[in-house]
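Enquirer: Sharing upload.pdb, PDB, C-alpha atoms, pLDDT in the B column:
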ATOM      1  CA  THR A   5     -19.998 -41.990 -14.880  1.00 83.00           C
ATOM      2  CA  ILE A   6     -20.743 -38.325 -15.415  1.00 90.00           C
ATOM      3  CA  ASP A   7     -17.837 -36.032 -14.545  1.00 91.00           C
ATOM      4  CA  VAL A   8     -18.653 -32.322 -14.340  1.00 94.00           C
ATOM      5  CA  PRO A   9     -15.626 -30.002 -14.118  1.00 95.00           C
ATOM      6  CA  VAL A  10     -16.121 -27.447 -11.346  1.00 94.00           C
ATOM      7  CA  VAL A  11     -14.006 -24.288 -11.481  1.00 95.00           C
ATOM      8  CA  GLY A  12     -13.746 -21.060  -9.515  1.00 94.00           C
ATOM      9  CA  GLY A  13     -14.047 -21.174  -5.751  1.00 92.00           C
ATOM     10  CA  HIS A  14     -15.564 -23.256  -2.988  1.00 87.00           C
ATOM     11  CA  ALA A  15     -18.819 -21.606  -1.922  1.00 86.00           C
ATOM     12  CA  GLY A  16     -21.990 -20.110  -3.361  1.00 88.00           C
ATOM     13  CA  ALA A  17     -21.680 -18.072  -6.544  1.00 92.00           C
ATOM     14  CA  THR A  18     -17.940 -18.789  -6.764  1.00 94.00           C
ATOM     15  CA  ILE A  19     -18.717 -22.433  -7.618  1.00 94.00           C
ATOM     16  CA  LEU A  20     -19.016 -22.825 -11.401  1.00 96.00           C
ATOM     17  CA  PRO A  21     -19.916 -26.269 -12.774  1.00 96.00           C
ATOM     18  CA  LEU A  22     -19.141 -26.455 -16.496  1.00 97.00           C
ATOM     19  CA  PHE A  23     -22.121 -28.463 -17.694  1.00 96.00           C
ATOM     20  CA  SER A  24     -21.439 -27.438 -21.312  1.00 95.00           C
ATOM     21  CA  GLN A  25     -18.406 -29.764 -21.227  1.00 96.00           C
ATOM     22  CA  VAL A  26     -20.539 -32.791 -20.281  1.00 96.00           C
ATOM     23  CA  PRO A  27     -22.027 -34.734 -23.214  1.00 95.00           C
ATOM     24  CA  ALA A  28     -24.944 -35.966 -21.058  1.00 94.00           C
ATOM     25  CA  CYS A  29     -26.061 -32.349 -20.501  1.00 94.00           C
ATOM     26  CA  ARG A  30     -26.181 -31.319 -24.168  1.00 91.00           C
ATOM     27  CA  GLY A  31     -29.931 -31.829 -24.540  1.00 91.00           C
ATOM     28  CA  MET A  32     -30.853 -29.769 -21.477  1.00 93.00           C
ATOM     29  CA  SER A  33     -32.574 -26.412 -21.826  1.00 93.00           C
ATOM     30  CA  ALA A  34     -30.952 -23.176 -20.680  1.00 92.00           C
ATOM     31  CA  ALA A  35     -33.443 -22.997 -17.792  1.00 94.00           C
ATOM     32  CA  GLU A  36     -32.594 -26.543 -16.685  1.00 95.00           C
ATOM     33  CA  LEU A  37     -28.849 -25.835 -16.812  1.00 94.00           C
ATOM     34  CA  GLU A  38     -29.263 -22.619 -14.827  1.00 94.00           C
ATOM     35  CA  ALA A  39     -31.320 -24.487 -12.203  1.00 94.00           C
ATOM     36  CA  MET A  40     -28.659 -27.221 -11.996  1.00 94.00           C
ATOM     37  CA  ASP A  41     -25.946 -24.559 -11.626  1.00 94.00           C
ATOM     38  CA  LYS A  42     -27.815 -23.006  -8.702  1.00 93.00           C
ATOM     39  CA  HIS A  43     -28.420 -26.434  -7.171  1.00 91.00           C
ATOM     40  CA  VAL A  44     -24.679 -27.225  -7.263  1.00 92.00           C
ATOM     41  CA  GLN A  45     -23.892 -23.847  -5.658  1.00 91.00           C
ATOM     42  CA  ASP A  46     -26.362 -24.580  -2.850  1.00 88.00           C
ATOM     43  CA  ALA A  47     -25.702 -28.319  -2.505  1.00 85.00           C
ATOM     44  CA  GLY A  48     -24.480 -28.120   1.105  1.00 82.00           C
ATOM     45  CA  THR A  49     -27.541 -26.145   2.161  1.00 84.00           C
ATOM     46  CA  ASP A  50     -29.793 -28.525   0.239  1.00 84.00           C
ATOM     47  CA  VAL A  51     -28.366 -31.496   2.172  1.00 83.00           C
ATOM     48  CA  VAL A  52     -28.894 -29.738   5.509  1.00 83.00           C
ATOM     49  CA  ASN A  53     -32.462 -28.843   4.513  1.00 85.00           C
ATOM     50  CA  ALA A  54     -33.137 -32.428   3.397  1.00 86.00           C
ATOM     51  CA  LYS A  55     -32.034 -33.587   6.847  1.00 84.00           C
ATOM     52  CA  GLY A  56     -34.483 -31.175   8.443  1.00 84.00           C
ATOM     53  CA  GLY A  57     -31.651 -29.121   9.911  1.00 77.00           C
ATOM     54  CA  LYS A  58     -30.335 -32.139  11.843  1.00 80.00           C
ATOM     55  CA  GLY A  59     -26.944 -32.618  10.278  1.00 74.00           C
ATOM     56  CA  SER A  60     -24.614 -31.335   7.640  1.00 79.00           C
ATOM     57  CA  ALA A  61     -23.078 -32.277   4.325  1.00 77.00           C
ATOM     58  CA  THR A  62     -19.996 -33.823   5.934  1.00 81.00           C
ATOM     59  CA  LEU A  63     -20.289 -37.045   3.924  1.00 80.00           C
ATOM     60  CA  SER A  64     -20.197 -35.024   0.687  1.00 80.00           C
ATOM     61  CA  MET A  65     -17.106 -33.158   1.880  1.00 84.00           C
ATOM     62  CA  ALA A  66     -15.501 -36.427   2.989  1.00 90.00           C
ATOM     63  CA  TYR A  67     -16.112 -37.961  -0.437  1.00 89.00           C
ATOM     64  CA  ALA A  68     -14.616 -34.916  -2.180  1.00 89.00           C
ATOM     65  CA  GLY A  69     -11.622 -35.068   0.173  1.00 92.00           C
ATOM     66  CA  ALA A  70     -11.172 -38.772  -0.541  1.00 95.00           C
ATOM     67  CA  LYS A  71     -11.262 -38.177  -4.321  1.00 94.00           C
ATOM     68  CA  PHE A  72      -8.710 -35.378  -3.955  1.00 95.00           C
ATOM     69  CA  GLY A  73      -6.468 -37.446  -1.670  1.00 96.00           C
ATOM     70  CA  ASN A  74      -6.660 -40.389  -4.066  1.00 97.00           C
ATOM     71  CA  ALA A  75      -5.663 -38.151  -7.004  1.00 97.00           C
ATOM     72  CA  VAL A  76      -2.663 -36.761  -5.115  1.00 97.00           C
ATOM     73  CA  LEU A  77      -1.519 -40.171  -3.848  1.00 98.00           C
ATOM     74  CA  CYS A  78      -1.965 -41.816  -7.261  1.00 98.00           C
ATOM     75  CA  GLY A  79       0.043 -39.010  -8.805  1.00 98.00           C
ATOM     76  CA  LEU A  80       2.840 -39.376  -6.264  1.00 98.00           C
ATOM     77  CA  ALA A  81       2.847 -43.127  -7.006  1.00 98.00           C
ATOM     78  CA  GLY A  82       3.441 -42.352 -10.684  1.00 97.00           C
ATOM     79  CA  ILE A  83      -0.161 -42.773 -11.886  1.00 98.00           C
ATOM     80  CA  GLU A  84      -1.121 -39.406 -13.332  1.00 98.00           C
ATOM     81  CA  THR A  85      -4.596 -38.448 -12.146  1.00 97.00           C
ATOM     82  CA  THR A  86      -6.721 -35.390 -12.884  1.00 96.00           C
ATOM     83  CA  GLU A  87      -9.251 -33.854 -10.479  1.00 96.00           C
ATOM     84  CA  CYS A  88     -10.566 -30.354  -9.883  1.00 94.00           C
ATOM     85  CA  ALA A  89      -8.601 -28.576  -7.149  1.00 95.00           C
ATOM     86  CA  TYR A  90      -8.196 -25.065  -5.736  1.00 93.00           C
ATOM     87  CA  VAL A  91      -4.536 -24.198  -6.322  1.00 93.00           C
ATOM     88  CA  ILE A  92      -2.130 -21.317  -6.751  1.00 91.00           C
ATOM     89  CA  ARG A  93      -2.100 -20.107 -10.347  1.00 88.00           C
ATOM     90  CA  GLY A  94       0.577 -18.666 -12.584  1.00 80.00           C
ATOM     91  CA  SER A  95       1.365 -14.959 -12.609  1.00 78.00           C
ATOM     92  CA  GLU A  96      -0.389 -14.517 -15.977  1.00 80.00           C
ATOM     93  CA  GLU A  97      -3.730 -15.633 -14.495  1.00 82.00           C
ATOM     94  CA  GLN A  98      -6.562 -13.294 -13.456  1.00 85.00           C
ATOM     95  CA  LEU A  99      -6.399 -14.413  -9.820  1.00 92.00           C
ATOM     96  CA  PRO A 100      -3.589 -15.978  -7.757  1.00 92.00           C
ATOM     97  CA  TYR A 101      -5.813 -18.880  -6.579  1.00 93.00           C
ATOM     98  CA  LEU A 102      -8.566 -20.643  -8.456  1.00 93.00           C
ATOM     99  CA  ALA A 103     -10.071 -24.103  -8.907  1.00 94.00           C
ATOM    100  CA  SER A 104      -9.821 -25.951 -12.196  1.00 94.00           C
ATOM    101  CA  LYS A 105      -8.757 -29.354 -13.423  1.00 95.00           C
ATOM    102  CA  VAL A 106      -5.312 -30.235 -12.085  1.00 97.00           C
ATOM    103  CA  THR A 107      -3.182 -33.211 -13.092  1.00 98.00           C
ATOM    104  CA  PHE A 108      -1.149 -34.725 -10.272  1.00 98.00           C
ATOM    105  CA  GLY A 109       2.054 -36.604 -11.037  1.00 98.00           C
ATOM    106  CA  ALA A 110       5.097 -38.041  -9.278  1.00 97.00           C
ATOM    107  CA  GLY A 111       6.308 -34.548  -8.285  1.00 96.00           C
ATOM    108  CA  GLY A 112       2.898 -33.269  -7.102  1.00 95.00           C
ATOM    109  CA  VAL A 113       1.009 -30.819  -9.307  1.00 96.00           C
ATOM    110  CA  LYS A 114       2.089 -31.588 -12.866  1.00 96.00           C
ATOM    111  CA  GLU A 115      -0.305 -29.344 -14.773  1.00 95.00           C
ATOM    112  CA  VAL A 116      -2.947 -26.759 -13.909  1.00 94.00           C
ATOM    113  CA  HIS A 117      -5.414 -26.847 -16.790  1.00 94.00           C
ATOM    114  CA  GLY A 118      -7.303 -23.964 -18.320  1.00 91.00           C
ATOM    115  CA  PHE A 119     -11.090 -23.888 -18.209  1.00 93.00           C
ATOM    116  CA  GLY A 120     -11.692 -25.105 -21.749  1.00 94.00           C
ATOM    117  CA  ASP A 121     -14.684 -24.108 -23.849  1.00 95.00           C
ATOM    118  CA  MET A 122     -17.589 -22.550 -21.962  1.00 96.00           C
ATOM    119  CA  SER A 123     -21.118 -21.608 -22.929  1.00 95.00           C
ATOM    120  CA  GLU A 124     -22.127 -17.957 -23.025  1.00 95.00           C
ATOM    121  CA  TYR A 125     -23.987 -18.452 -19.732  1.00 95.00           C
ATOM    122  CA  GLU A 126     -20.874 -19.973 -18.110  1.00 96.00           C
ATOM    123  CA  GLN A 127     -18.682 -17.131 -19.373  1.00 96.00           C
ATOM    124  CA  GLY A 128     -21.019 -14.639 -17.695  1.00 96.00           C
ATOM    125  CA  ARG A 129     -21.024 -16.672 -14.497  1.00 96.00           C
ATOM    126  CA  LEU A 130     -17.213 -16.819 -14.595  1.00 96.00           C
ATOM    127  CA  LYS A 131     -17.054 -13.014 -14.547  1.00 96.00           C
ATOM    128  CA  GLU A 132     -19.366 -12.973 -11.501  1.00 95.00           C
ATOM    129  CA  CYS A 133     -17.320 -15.716  -9.867  1.00 95.00           C
ATOM    130  CA  LEU A 134     -13.988 -13.938 -10.416  1.00 95.00           C
ATOM    131  CA  GLU A 135     -15.310 -10.643  -9.014  1.00 95.00           C
ATOM    132  CA  GLN A 136     -16.466 -12.305  -5.795  1.00 94.00           C
ATOM    133  CA  LEU A 137     -13.348 -14.463  -5.487  1.00 95.00           C
ATOM    134  CA  LYS A 138     -11.047 -11.460  -5.898  1.00 94.00           C
ATOM    135  CA  GLY A 139     -12.537  -9.878  -2.783  1.00 94.00           C
ATOM    136  CA  GLU A 140     -12.332 -13.140  -0.831  1.00 93.00           C
ATOM    137  CA  ILE A 141      -8.733 -13.801  -1.881  1.00 94.00           C
ATOM    138  CA  ASP A 142      -7.662 -10.223  -1.112  1.00 93.00           C
ATOM    139  CA  ALA A 143      -9.260 -10.501   2.355  1.00 94.00           C
ATOM    140  CA  GLY A 144      -7.467 -13.811   2.987  1.00 93.00           C
ATOM    141  CA  ILE A 145      -4.098 -12.482   1.868  1.00 92.00           C
ATOM    142  CA  SER A 146      -4.585  -9.374   4.017  1.00 95.00           C
ATOM    143  CA  TYR A 147      -5.506 -11.489   7.056  1.00 96.00           C
ATOM    144  CA  ALA A 148      -2.493 -13.767   6.562  1.00 94.00           C
ATOM    145  CA  SER A 149      -0.124 -10.815   6.253  1.00 94.00           C
ATOM    146  CA  GLU A 150      -1.452  -9.207   9.434  1.00 95.00           C
ATOM    147  CA  ASN A 151      -1.591 -12.332  11.607  1.00 94.00           C
ATOM    148  CA  GLU A 152       0.977 -14.855  12.669  1.00 87.00           C
ATOM    149  CA  LEU A 153      -0.038 -18.248  11.380  1.00 74.00           C
TER     150      LEU A 153
END
Mind converting the file's structure to structure tokens?

Expert:
Amino acid sequence: TIDVPVVGGHAGATILPLFSQVPACRGMSAAELEAMDKHVQDAGTDVVNAKGGKGSATLSMAYAGAKFGNAVLCGLAGIETTECAYVIRGSEEQLPYLASKVTFGAGGVKEVHGFGDMSEYEQGRLKECLEQLKGEIDAGISYASENEL
């Protein structure tokens, strides 16, 4: 099994797969890694295009939801499980919400992990990701404060 940590946000350039943390990717060229990064960012669109515009990537989203649900439920059952999740961050973080590895335990979120080591390319992409996410998060917080939910 190859497990690629994905940090940042949930769409487009805010999605940052950390291929440098995957041993199976160590022999790949910079161009190949950049192409894979872009492919992960556009995966939903790629699925729709592969279906000739007749469908969506709902199965992919369902699988991700099932993995997340399993991690939460295992954690609540006392089996600590780690998955990537978009969660509220600590006050010392750059943004109030961000995806990273999260360990779920009996009380819910047990630990929100840092990003770990990143390649130079990934560090540059993280800056791009954080800039875009800041605007999206600010817009969401503004909307929530101005509308009754």

Enquirer: Just so the selection is clear, what residues does the PyMOL selection byres ((chain A and resi 132) around 12) cover here, as a list in words?

Expert: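 When the PyMOL selection byres ((chain A and resi 132) around 12) is applied to the shown file, the picked residues are Gly12, Gly13, Gly16, Ala17, Thr18, Ile19, Leu20, Tyr125, Glu126, Gln127, Gly128, Arg129, Leu130, Lys131, Cys133, Leu134, Glu135, Gln136, Leu137, Lys138 and Gly139 of chain A.
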
Enquirer: Hey, what comes out of the PyMOL selection byres ((chain A and resi 114) around 12) on this file? Could you write it as a PDB file with C-alpha atoms, in the coordinates of the input?

Expert:
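Result file is expr38.pdb:
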ATOM      1  CA  ALA A  75      -5.663 -38.151  -7.004  1.00 97.00           C
ATOM      2  CA  VAL A  76      -2.663 -36.761  -5.115  1.00 97.00           C
ATOM      3  CA  GLY A  79       0.043 -39.010  -8.805  1.00 98.00           C
ATOM      4  CA  LEU A  80       2.840 -39.376  -6.264  1.00 98.00           C
ATOM      5  CA  GLY A  82       3.441 -42.352 -10.684  1.00 97.00           C
ATOM      6  CA  ILE A  83      -0.161 -42.773 -11.886  1.00 98.00           C
ATOM      7  CA  GLU A  84      -1.121 -39.406 -13.332  1.00 98.00           C
ATOM      8  CA  THR A  85      -4.596 -38.448 -12.146  1.00 97.00           C
ATOM      9  CA  THR A  86      -6.721 -35.390 -12.884  1.00 96.00           C
ATOM     10  CA  GLU A  87      -9.251 -33.854 -10.479  1.00 96.00           C
ATOM     11  CA  VAL A  91      -4.536 -24.198  -6.322  1.00 93.00           C
ATOM     12  CA  LYS A 105      -8.757 -29.354 -13.423  1.00 95.00           C
ATOM     13  CA  VAL A 106      -5.312 -30.235 -12.085  1.00 97.00           C
ATOM     14  CA  THR A 107      -3.182 -33.211 -13.092  1.00 98.00           C
ATOM     15  CA  PHE A 108      -1.149 -34.725 -10.272  1.00 98.00           C
ATOM     16  CA  GLY A 109       2.054 -36.604 -11.037  1.00 98.00           C
ATOM     17  CA  ALA A 110       5.097 -38.041  -9.278  1.00 97.00           C
ATOM     18  CA  GLY A 111       6.308 -34.548  -8.285  1.00 96.00           C
ATOM     19  CA  GLY A 112       2.898 -33.269  -7.102  1.00 95.00           C
ATOM     20  CA  VAL A 113       1.009 -30.819  -9.307  1.00 96.00           C
ATOM     21  CA  GLU A 115      -0.305 -29.344 -14.773  1.00 95.00           C
ATOM     22  CA  VAL A 116      -2.947 -26.759 -13.909  1.00 94.00           C
ATOM     23  CA  HIS A 117      -5.414 -26.847 -16.790  1.00 94.00           C
TER      24      HIS A 117
END

Enquirer: Excluding segment 41-52 of chain A and any residue of its chain fewer than 5 positions from it, enumerate the residues within 10 Å of it, using all atoms listed in the file, and give them as a list of chain:residue names.

Expert: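 These residues fall inside the cut-off: A:Val10, A:His14, A:Ala15, A:Gly16, A:Ala17, A:Thr18, A:Ile19, A:Leu20, A:Pro21, A:Leu22, A:Phe23, A:Ala35, A:Glu36, A:Gly57, A:Lys58, A:Gly59, A:Ser60, A:Ala61, A:Thr62, A:Leu63, A:Ser64, A:Met65, A:Glu126, A:Arg129.
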
Enquirer: Have a look at atom CA of Asp121 of chain A and atom CA of Ala89 of chain A and let me know their distance in Å, one decimal.

Expert: 18.3 Å

Enquirer: Give me, please, the distance in Å between atom CA of Glu124 of chain A and atom CA of Ser24 of chain A, quoted to one decimal.

Expert: 9.7 Å

Enquirer: Please indicate the distance in Å from atom CA of Cys88 of chain A to atom CA of Ala68 of chain A, rounded to one decimal place.

Expert: 9.8 Å
